[in-house]
$ cat query.pdb   # PDB, C-alpha atoms, pLDDT in the B column
ATOM      1  CA  MET A  27      23.238 147.117  26.207  1.00 48.00           C
ATOM      2  CA  GLU A  28      22.734 148.714  22.832  1.00 57.00           C
ATOM      3  CA  LYS A  29      24.447 152.025  22.206  1.00 65.00           C
ATOM      4  CA  LYS A  30      21.970 154.765  21.327  1.00 68.00           C
ATOM      5  CA  LYS A  31      22.750 157.232  18.573  1.00 74.00           C
ATOM      6  CA  THR A  32      22.781 160.912  19.536  1.00 75.00           C
ATOM      7  CA  PRO A  33      20.686 163.054  17.166  1.00 77.00           C
ATOM      8  CA  GLY A  34      22.461 165.793  15.213  1.00 84.00           C
ATOM      9  CA  VAL A  35      20.191 168.521  16.587  1.00 86.00           C
ATOM     10  CA  THR A  36      21.275 167.550  20.104  1.00 89.00           C
ATOM     11  CA  ILE A  37      24.926 167.954  19.211  1.00 91.00           C
ATOM     12  CA  VAL A  38      24.211 171.353  17.636  1.00 92.00           C
ATOM     13  CA  PHE A  39      22.375 172.566  20.751  1.00 92.00           C
ATOM     14  CA  TYR A  40      25.144 171.253  23.019  1.00 94.00           C
ATOM     15  CA  ILE A  41      27.780 173.113  20.988  1.00 95.00           C
ATOM     16  CA  VAL A  42      25.717 176.317  20.909  1.00 94.00           C
ATOM     17  CA  GLY A  43      25.093 176.037  24.666  1.00 94.00           C
ATOM     18  CA  ILE A  44      28.764 175.552  25.449  1.00 96.00           C
ATOM     19  CA  LEU A  45      29.733 178.462  23.193  1.00 97.00           C
ATOM     20  CA  PHE A  46      27.246 180.740  24.950  1.00 95.00           C
ATOM     21  CA  LEU A  47      28.562 179.638  28.348  1.00 95.00           C
ATOM     22  CA  VAL A  48      32.099 180.463  27.243  1.00 96.00           C
ATOM     23  CA  VAL A  49      30.928 183.870  25.976  1.00 96.00           C
ATOM     24  CA  ALA A  50      29.128 184.414  29.308  1.00 95.00           C
ATOM     25  CA  ALA A  51      32.357 183.709  31.211  1.00 96.00           C
ATOM     26  CA  PHE A  52      34.251 186.116  28.941  1.00 96.00           C
ATOM     27  CA  MET A  53      31.586 188.803  29.370  1.00 95.00           C
ATOM     28  CA  LEU A  54      31.683 188.362  33.146  1.00 95.00           C
ATOM     29  CA  VAL A  55      35.451 188.864  33.259  1.00 95.00           C
ATOM     30  CA  SER A  56      35.218 191.742  30.790  1.00 95.00           C
ATOM     31  CA  ALA A  57      32.440 193.480  32.742  1.00 94.00           C
ATOM     32  CA  ILE A  58      34.343 193.152  36.024  1.00 93.00           C
ATOM     33  CA  ALA A  59      37.487 194.578  34.425  1.00 94.00           C
ATOM     34  CA  TYR A  60      35.525 197.454  32.855  1.00 93.00           C
ATOM     35  CA  THR A  61      33.777 198.254  36.137  1.00 92.00           C
ATOM     36  CA  SER A  62      37.100 198.238  37.969  1.00 91.00           C
ATOM     37  CA  THR A  63      38.655 200.594  35.409  1.00 92.00           C
ATOM     38  CA  TYR A  64      35.592 202.845  35.472  1.00 89.00           C
ATOM     39  CA  LEU A  65      35.645 203.108  39.263  1.00 89.00           C
ATOM     40  CA  GLN A  66      39.383 203.803  39.301  1.00 90.00           C
ATOM     41  CA  SER A  67      39.052 206.566  36.720  1.00 90.00           C
ATOM     42  CA  TYR A  68      36.598 208.407  38.977  1.00 86.00           C
ATOM     43  CA  GLY A  69      38.489 207.587  42.158  1.00 87.00           C
ATOM     44  CA  ALA A  70      35.510 205.690  43.533  1.00 86.00           C
ATOM     45  CA  THR A  71      35.343 202.379  45.338  1.00 84.00           C
ATOM     46  CA  PHE A  72      33.037 199.468  44.758  1.00 81.00           C
ATOM     47  CA  SER A  73      31.117 200.263  47.938  1.00 80.00           C
ATOM     48  CA  ASP A  74      30.361 203.759  46.582  1.00 82.00           C
ATOM     49  CA  MET A  75      28.665 202.451  43.446  1.00 84.00           C
ATOM     50  CA  TRP A  76      27.949 198.806  44.263  1.00 84.00           C
ATOM     51  CA  SER A  77      24.387 198.890  42.947  1.00 85.00           C
ATOM     52  CA  ASN A  78      25.294 200.314  39.540  1.00 87.00           C
ATOM     53  CA  SER A  79      28.321 198.062  39.272  1.00 88.00           C
ATOM     54  CA  LEU A  80      26.348 194.893  39.978  1.00 90.00           C
ATOM     55  CA  GLN A  81      23.588 195.916  37.588  1.00 91.00           C
ATOM     56  CA  TYR A  82      26.123 196.473  34.818  1.00 91.00           C
ATOM     57  CA  ILE A  83      27.944 193.200  35.457  1.00 90.00           C
ATOM     58  CA  ILE A  84      24.723 191.169  35.592  1.00 91.00           C
ATOM     59  CA  ALA A  85      23.291 192.877  32.512  1.00 92.00           C
ATOM     60  CA  GLN A  86      26.431 192.077  30.528  1.00 92.00           C
ATOM     61  CA  PHE A  87      26.765 188.349  31.162  1.00 90.00           C
ATOM     62  CA  MET A  88      23.351 187.067  32.247  1.00 93.00           C
ATOM     63  CA  PRO A  89      21.713 186.922  28.772  1.00 92.00           C
ATOM     64  CA  TYR A  90      24.531 184.731  27.467  1.00 94.00           C
ATOM     65  CA  LEU A  91      24.376 182.512  30.535  1.00 93.00           C
ATOM     66  CA  GLY A  92      20.612 182.101  30.184  1.00 93.00           C
ATOM     67  CA  ILE A  93      20.764 181.276  26.494  1.00 94.00           C
ATOM     68  CA  GLY A  94      23.568 178.784  27.115  1.00 94.00           C
ATOM     69  CA  ILE A  95      21.625 176.979  29.824  1.00 94.00           C
ATOM     70  CA  VAL A  96      18.458 176.924  27.721  1.00 94.00           C
ATOM     71  CA  ALA A  97      20.353 175.573  24.692  1.00 93.00           C
ATOM     72  CA  LEU A  98      21.882 172.777  26.782  1.00 93.00           C
ATOM     73  CA  GLY A  99      18.431 171.980  28.176  1.00 92.00           C
ATOM     74  CA  ILE A 100      16.891 171.839  24.710  1.00 91.00           C
ATOM     75  CA  GLY A 101      19.672 169.518  23.597  1.00 90.00           C
ATOM     76  CA  LYS A 102      19.044 167.223  26.565  1.00 89.00           C
ATOM     77  CA  VAL A 103      15.293 167.168  25.925  1.00 88.00           C
ATOM     78  CA  ALA A 104      15.834 166.435  22.222  1.00 86.00           C
ATOM     79  CA  LYS A 105      18.133 163.544  23.106  1.00 85.00           C
ATOM     80  CA  ASP A 106      15.730 162.108  25.681  1.00 83.00           C
ATOM     81  CA  THR A 107      12.785 162.462  23.305  1.00 82.00           C
ATOM     82  CA  ARG A 108      14.669 160.686  20.526  1.00 77.00           C
ATOM     83  CA  ASN A 109      15.737 157.881  22.856  1.00 71.00           C
ATOM     84  CA  MET A 110      12.173 157.507  24.098  1.00 71.00           C
ATOM     85  CA  LYS A 111      10.934 157.231  20.508  1.00 62.00           C
ATOM     86  CA  VAL A 112      13.585 154.614  19.732  1.00 57.00           C
ATOM     87  CA  GLU A 113      12.593 152.570  22.791  1.00 55.00           C
ATOM     88  CA  THR A 114       8.922 152.733  21.837  1.00 55.00           C
ATOM     89  CA  ALA A 115       9.651 151.782  18.243  1.00 55.00           C
ATOM     90  CA  GLN A 116      11.578 148.730  19.433  1.00 57.00           C
ATOM     91  CA  GLY A 117       8.555 147.450  21.351  1.00 58.00           C
ATOM     92  CA  ASP A 118       9.846 148.168  24.863  1.00 62.00           C
ATOM     93  CA  THR A 119       6.646 149.819  26.056  1.00 70.00           C
ATOM     94  CA  SER A 120       6.645 148.372  29.574  1.00 74.00           C
ATOM     95  CA  ARG A 121       9.451 150.681  30.682  1.00 74.00           C
ATOM     96  CA  LEU A 122       7.765 153.646  29.000  1.00 73.00           C
ATOM     97  CA  GLU A 123       4.453 152.829  30.684  1.00 79.00           C
ATOM     98  CA  ALA A 124       6.206 152.598  34.057  1.00 80.00           C
ATOM     99  CA  MET A 125       7.794 156.020  33.473  1.00 80.00           C
ATOM    100  CA  LEU A 126       4.438 157.520  32.498  1.00 81.00           C
ATOM    101  CA  GLN A 127       2.766 156.036  35.572  1.00 83.00           C
ATOM    102  CA  LYS A 128       5.529 157.422  37.777  1.00 82.00           C
ATOM    103  CA  GLN A 129       5.067 160.879  36.213  1.00 83.00           C
ATOM    104  CA  ALA A 130       1.315 160.653  36.758  1.00 81.00           C
ATOM    105  CA  ASP A 131       1.850 159.746  40.419  1.00 83.00           C
ATOM    106  CA  VAL A 132       4.251 162.644  40.917  1.00 80.00           C
ATOM    107  CA  SER A 133       1.842 164.987  39.145  1.00 81.00           C
ATOM    108  CA  GLU A 134      -1.031 163.876  41.387  1.00 83.00           C
ATOM    109  CA  GLU A 135       1.090 164.356  44.493  1.00 82.00           C
ATOM    110  CA  MET A 136       2.130 167.832  43.345  1.00 82.00           C
ATOM    111  CA  SER A 137      -1.469 168.817  42.644  1.00 81.00           C
ATOM    112  CA  GLU A 138      -2.460 167.670  46.145  1.00 81.00           C
ATOM    113  CA  ASN A 139       0.369 169.737  47.633  1.00 75.00           C
ATOM    114  CA  ILE A 140      -0.657 172.789  45.597  1.00 78.00           C
ATOM    115  CA  ARG A 141      -4.275 172.376  46.677  1.00 77.00           C
ATOM    116  CA  TYR A 142      -3.182 172.119  50.335  1.00 75.00           C
ATOM    117  CA  LEU A 143      -0.953 175.191  50.047  1.00 70.00           C
ATOM    118  CA  SER A 144      -3.668 177.256  48.342  1.00 73.00           C
ATOM    119  CA  GLU A 145      -6.149 176.379  51.090  1.00 74.00           C
ATOM    120  CA  ASN A 146      -3.617 177.342  53.749  1.00 76.00           C
ATOM    121  CA  LEU A 147      -2.760 180.536  51.897  1.00 73.00           C
ATOM    122  CA  ASP A 148      -6.323 181.799  52.201  1.00 68.00           C
ATOM    123  CA  THR A 149      -6.397 180.905  55.910  1.00 73.00           C
ATOM    124  CA  THR A 150      -3.060 182.640  56.483  1.00 72.00           C
ATOM    125  CA  ARG A 151      -4.303 185.764  54.689  1.00 71.00           C
ATOM    126  CA  GLU A 152      -7.397 185.889  56.881  1.00 73.00           C
ATOM    127  CA  ILE A 153      -5.348 185.493  60.056  1.00 74.00           C
ATOM    128  CA  LEU A 154      -2.884 188.182  58.980  1.00 71.00           C
ATOM    129  CA  GLY A 155      -5.752 190.495  58.048  1.00 73.00           C
ATOM    130  CA  ILE A 156      -7.276 190.049  61.503  1.00 76.00           C
ATOM    131  CA  LYS A 157      -3.931 190.629  63.228  1.00 72.00           C
ATOM    132  CA  ILE A 158      -3.216 193.749  61.174  1.00 73.00           C
ATOM    133  CA  GLY A 159      -6.726 195.052  61.922  1.00 73.00           C
ATOM    134  CA  GLU A 160      -6.218 194.488  65.651  1.00 74.00           C
ATOM    135  CA  LYS A 161      -2.843 196.189  65.536  1.00 69.00           C
ATOM    136  CA  GLU A 162      -4.322 199.235  63.768  1.00 69.00           C
ATOM    137  CA  LYS A 163      -7.056 199.495  66.409  1.00 72.00           C
ATOM    138  CA  ARG A 164      -4.433 199.762  69.155  1.00 65.00           C
TER     139      ARG A 164
END
$ encode --input "query.pdb" --output "structure tokens"
Amino acid sequence: MEKKKTPGVTIVFYIVGILFLVVAAFMLVSAIAYTSTYLQSYGATFSDMWSNSLQYIIAQFMPYLGIGIVALGIGKVAKDTRNMKVETAQGDTSRLEAMLQKQADVSEEMSENIRYLSENLDTTREILGIKIGEKEKR
């Protein structure tokens, strides 16, 4: 099997993604430590201010986590796209056609499921509306 070359943009996105994940881990630890110190300074416990504490912790590390995951995803997509282009350029279209057919089949199946769920959603709404109306009459 021929070894495929990884594009430079993929490596850059992988590095950026990993750096953001490391920063997210640091921010998580830092936010937990800050929240603990803050609660101790006021003599409060976590259960007293759990909502504010969780909001602060999530707000501090979640952006970095999200950007890291997105960067890794972009790197993966760039690598897959490049490899797909290389396969097509080498004349191996049968595998690509099989992949496209498989995606089309999955897409058709998903659209059928969505259609089925949307039809059932309307029916369920009508039934719930009737039940709520009957309950209000009582």
$ atom_distance --input "query.pdb" --atom1 "atom CA of Ile84 of chain A" --atom2 "atom CA of Phe72 of chain A"
14.9 Å
$ atom_distance --input "query.pdb" --atom1 "atom CA of Met136 of chain A" --atom2 "atom CA of Gly155 of chain A"
28.1 Å
$ axis_aligned_box --input "query.pdb" --around "segment 44-54 of chain A" --padding-each-side "5 Å" --output "lines of an AutoDock Vina configuration file"
center_x = 30.7
center_y = 182.2
center_z = 28.2
size_x = 17.0
size_y = 23.3
size_z = 20.0
$ closest_residue --input "query.pdb" --among "A:Ala57, A:Ala51, A:Leu143, A:Ile44" --to "Gly94 of chain A" --atoms "only C-alpha atoms"
A:Ile44
$ closest_residue --input "query.pdb" --among "A:Ile140, A:Leu47, A:Ile153, A:Ile58" --to "Leu80 of chain A" --atoms "only C-alpha atoms"
A:Ile58
$ resolve_selection --input "query.pdb" --expression "the PyMOL selection byres ((chain A and resi 46) around 10)" --output "MDAnalysis selection string"
chainID A and resid 40:45 47:52 87 89:98
$ write_last_selection --input "query.pdb" --atoms "C-alpha atoms" --output "PDB file, keeping the file's coordinate frame"
ATOM      1  CA  TYR A  40      25.144 171.253  23.019  1.00 94.00           C
ATOM      2  CA  ILE A  41      27.780 173.113  20.988  1.00 95.00           C
ATOM      3  CA  VAL A  42      25.717 176.317  20.909  1.00 94.00           C
ATOM      4  CA  GLY A  43      25.093 176.037  24.666  1.00 94.00           C
ATOM      5  CA  ILE A  44      28.764 175.552  25.449  1.00 96.00           C
ATOM      6  CA  LEU A  45      29.733 178.462  23.193  1.00 97.00           C
ATOM      7  CA  LEU A  47      28.562 179.638  28.348  1.00 95.00           C
ATOM      8  CA  VAL A  48      32.099 180.463  27.243  1.00 96.00           C
ATOM      9  CA  VAL A  49      30.928 183.870  25.976  1.00 96.00           C
ATOM     10  CA  ALA A  50      29.128 184.414  29.308  1.00 95.00           C
ATOM     11  CA  ALA A  51      32.357 183.709  31.211  1.00 96.00           C
ATOM     12  CA  PHE A  52      34.251 186.116  28.941  1.00 96.00           C
ATOM     13  CA  PHE A  87      26.765 188.349  31.162  1.00 90.00           C
ATOM     14  CA  PRO A  89      21.713 186.922  28.772  1.00 92.00           C
ATOM     15  CA  TYR A  90      24.531 184.731  27.467  1.00 94.00           C
ATOM     16  CA  LEU A  91      24.376 182.512  30.535  1.00 93.00           C
ATOM     17  CA  GLY A  92      20.612 182.101  30.184  1.00 93.00           C
ATOM     18  CA  ILE A  93      20.764 181.276  26.494  1.00 94.00           C
ATOM     19  CA  GLY A  94      23.568 178.784  27.115  1.00 94.00           C
ATOM     20  CA  ILE A  95      21.625 176.979  29.824  1.00 94.00           C
ATOM     21  CA  VAL A  96      18.458 176.924  27.721  1.00 94.00           C
ATOM     22  CA  ALA A  97      20.353 175.573  24.692  1.00 93.00           C
ATOM     23  CA  LEU A  98      21.882 172.777  26.782  1.00 93.00           C
TER      24      LEU A  98
END
$ closest_residue --input "query.pdb" --among "A:Lys128, A:Phe39, A:Tyr82, A:Pro33" --to "Gly99 of chain A" --atoms "all atoms listed in the file"
A:Phe39
$ residues_near_point --input "query.pdb" --point "(17.1, 165.1, 23.6)" --cutoff "10 Å" --atoms "only C-alpha atoms" --output "PyMOL selection string"
chain A and resi 32-37+39+98-110
$ atom_distance --input "query.pdb" --atom1 "atom CA of Ile83 of chain A" --atom2 "atom CA of Leu54 of chain A"
6.5 Å
$ decode --input "query.pdb" --residues "segment 70-92 of chain A" --atoms "N, CA, C and O atoms" --output "mmCIF file, in the first residue's frame"
data_model
loop_
_atom_site.group_PDB
_atom_site.id
_atom_site.type_symbol
_atom_site.label_atom_id
_atom_site.label_comp_id
_atom_site.auth_asym_id
_atom_site.auth_seq_id
_atom_site.Cartn_x
_atom_site.Cartn_y
_atom_site.Cartn_z
ATOM 1 N N ALA A 70 -18.513 30.338 51.771
ATOM 2 C CA ALA A 70 -19.641 29.653 51.152
ATOM 3 C C ALA A 70 -19.204 28.267 50.686
ATOM 4 O O ALA A 70 -18.020 27.972 50.567
ATOM 5 N N THR A 71 -20.194 27.437 50.427
ATOM 6 C CA THR A 71 -19.906 26.107 49.886
ATOM 7 C C THR A 71 -20.368 26.063 48.433
ATOM 8 O O THR A 71 -21.090 26.938 47.972
ATOM 9 N N PHE A 72 -19.952 25.015 47.770
ATOM 10 C CA PHE A 72 -20.323 24.864 46.364
ATOM 11 C C PHE A 72 -21.831 24.760 46.210
ATOM 12 O O PHE A 72 -22.405 25.281 45.265
ATOM 13 N N SER A 73 -22.485 24.084 47.143
ATOM 14 C CA SER A 73 -23.938 23.923 47.047
ATOM 15 C C SER A 73 -24.673 25.252 47.208
ATOM 16 O O SER A 73 -25.783 25.404 46.719
ATOM 17 N N ASP A 74 -24.047 26.231 47.876
ATOM 18 C CA ASP A 74 -24.674 27.547 48.026
ATOM 19 C C ASP A 74 -24.703 28.313 46.705
ATOM 20 O O ASP A 74 -25.666 29.027 46.414
ATOM 21 N N MET A 75 -23.648 28.179 45.925
ATOM 22 C CA MET A 75 -23.526 28.947 44.689
ATOM 23 C C MET A 75 -23.196 28.035 43.500
ATOM 24 O O MET A 75 -22.404 28.378 42.641
ATOM 25 N N TRP A 76 -23.814 26.874 43.446
ATOM 26 C CA TRP A 76 -23.462 25.904 42.409
ATOM 27 C C TRP A 76 -23.765 26.426 41.004
ATOM 28 O O TRP A 76 -23.009 26.178 40.079
ATOM 29 N N SER A 77 -24.841 27.154 40.850
ATOM 30 C CA SER A 77 -25.213 27.645 39.523
ATOM 31 C C SER A 77 -24.180 28.647 38.996
ATOM 32 O O SER A 77 -23.705 28.531 37.862
ATOM 33 N N ASN A 78 -23.841 29.621 39.814
ATOM 34 C CA ASN A 78 -22.846 30.617 39.403
ATOM 35 C C ASN A 78 -21.482 29.990 39.177
ATOM 36 O O ASN A 78 -20.754 30.364 38.246
ATOM 37 N N SER A 79 -21.132 29.046 40.040
ATOM 38 C CA SER A 79 -19.832 28.388 39.910
ATOM 39 C C SER A 79 -19.738 27.616 38.604
ATOM 40 O O SER A 79 -18.733 27.711 37.888
ATOM 41 N N LEU A 80 -20.763 26.840 38.285
ATOM 42 C CA LEU A 80 -20.741 26.069 37.042
ATOM 43 C C LEU A 80 -20.743 26.979 35.824
ATOM 44 O O LEU A 80 -20.037 26.709 34.843
ATOM 45 N N GLN A 81 -21.515 28.051 35.870
ATOM 46 C CA GLN A 81 -21.523 28.987 34.750
ATOM 47 C C GLN A 81 -20.134 29.576 34.527
ATOM 48 O O GLN A 81 -19.673 29.692 33.387
ATOM 49 N N TYR A 82 -19.468 29.943 35.597
ATOM 50 C CA TYR A 82 -18.129 30.526 35.469
ATOM 51 C C TYR A 82 -17.147 29.503 34.899
ATOM 52 O O TYR A 82 -16.381 29.809 33.969
ATOM 53 N N ILE A 83 -17.185 28.291 35.433
ATOM 54 C CA ILE A 83 -16.245 27.261 34.990
ATOM 55 C C ILE A 83 -16.469 26.938 33.508
ATOM 56 O O ILE A 83 -15.525 26.883 32.713
ATOM 57 N N ILE A 84 -17.730 26.769 33.119
ATOM 58 C CA ILE A 84 -18.032 26.443 31.726
ATOM 59 C C ILE A 84 -17.655 27.592 30.798
ATOM 60 O O ILE A 84 -17.096 27.394 29.723
ATOM 61 N N ALA A 85 -17.945 28.817 31.227
ATOM 62 C CA ALA A 85 -17.632 29.982 30.396
ATOM 63 C C ALA A 85 -16.127 30.161 30.215
ATOM 64 O O ALA A 85 -15.688 30.693 29.187
ATOM 65 N N GLN A 86 -15.336 29.705 31.152
ATOM 66 C CA GLN A 86 -13.892 29.878 31.057
ATOM 67 C C GLN A 86 -13.228 28.874 30.123
ATOM 68 O O GLN A 86 -12.295 29.222 29.408
ATOM 69 N N PHE A 87 -13.677 27.617 30.125
ATOM 70 C CA PHE A 87 -12.935 26.636 29.331
ATOM 71 C C PHE A 87 -13.647 26.177 28.063
ATOM 72 O O PHE A 87 -13.003 25.668 27.146
ATOM 73 N N MET A 88 -14.944 26.351 27.965
ATOM 74 C CA MET A 88 -15.682 25.824 26.827
ATOM 75 C C MET A 88 -15.291 26.448 25.482
ATOM 76 O O MET A 88 -15.214 25.715 24.487
ATOM 77 N N PRO A 89 -15.042 27.752 25.379
ATOM 78 C CA PRO A 89 -14.627 28.286 24.069
ATOM 79 C C PRO A 89 -13.345 27.636 23.542
ATOM 80 O O PRO A 89 -13.239 27.317 22.348
ATOM 81 N N TYR A 90 -12.388 27.422 24.416
ATOM 82 C CA TYR A 90 -11.129 26.802 23.998
ATOM 83 C C TYR A 90 -11.347 25.350 23.588
ATOM 84 O O TYR A 90 -10.762 24.873 22.614
ATOM 85 N N LEU A 91 -12.198 24.653 24.318
ATOM 86 C CA LEU A 91 -12.506 23.272 23.977
ATOM 87 C C LEU A 91 -13.188 23.199 22.618
ATOM 88 O O LEU A 91 -12.827 22.367 21.763
ATOM 89 N N GLY A 92 -14.150 24.077 22.384
ATOM 90 C CA GLY A 92 -14.862 24.089 21.106
ATOM 91 C C GLY A 92 -13.947 24.392 19.938
ATOM 92 O O GLY A 92 -14.001 23.715 18.900
#
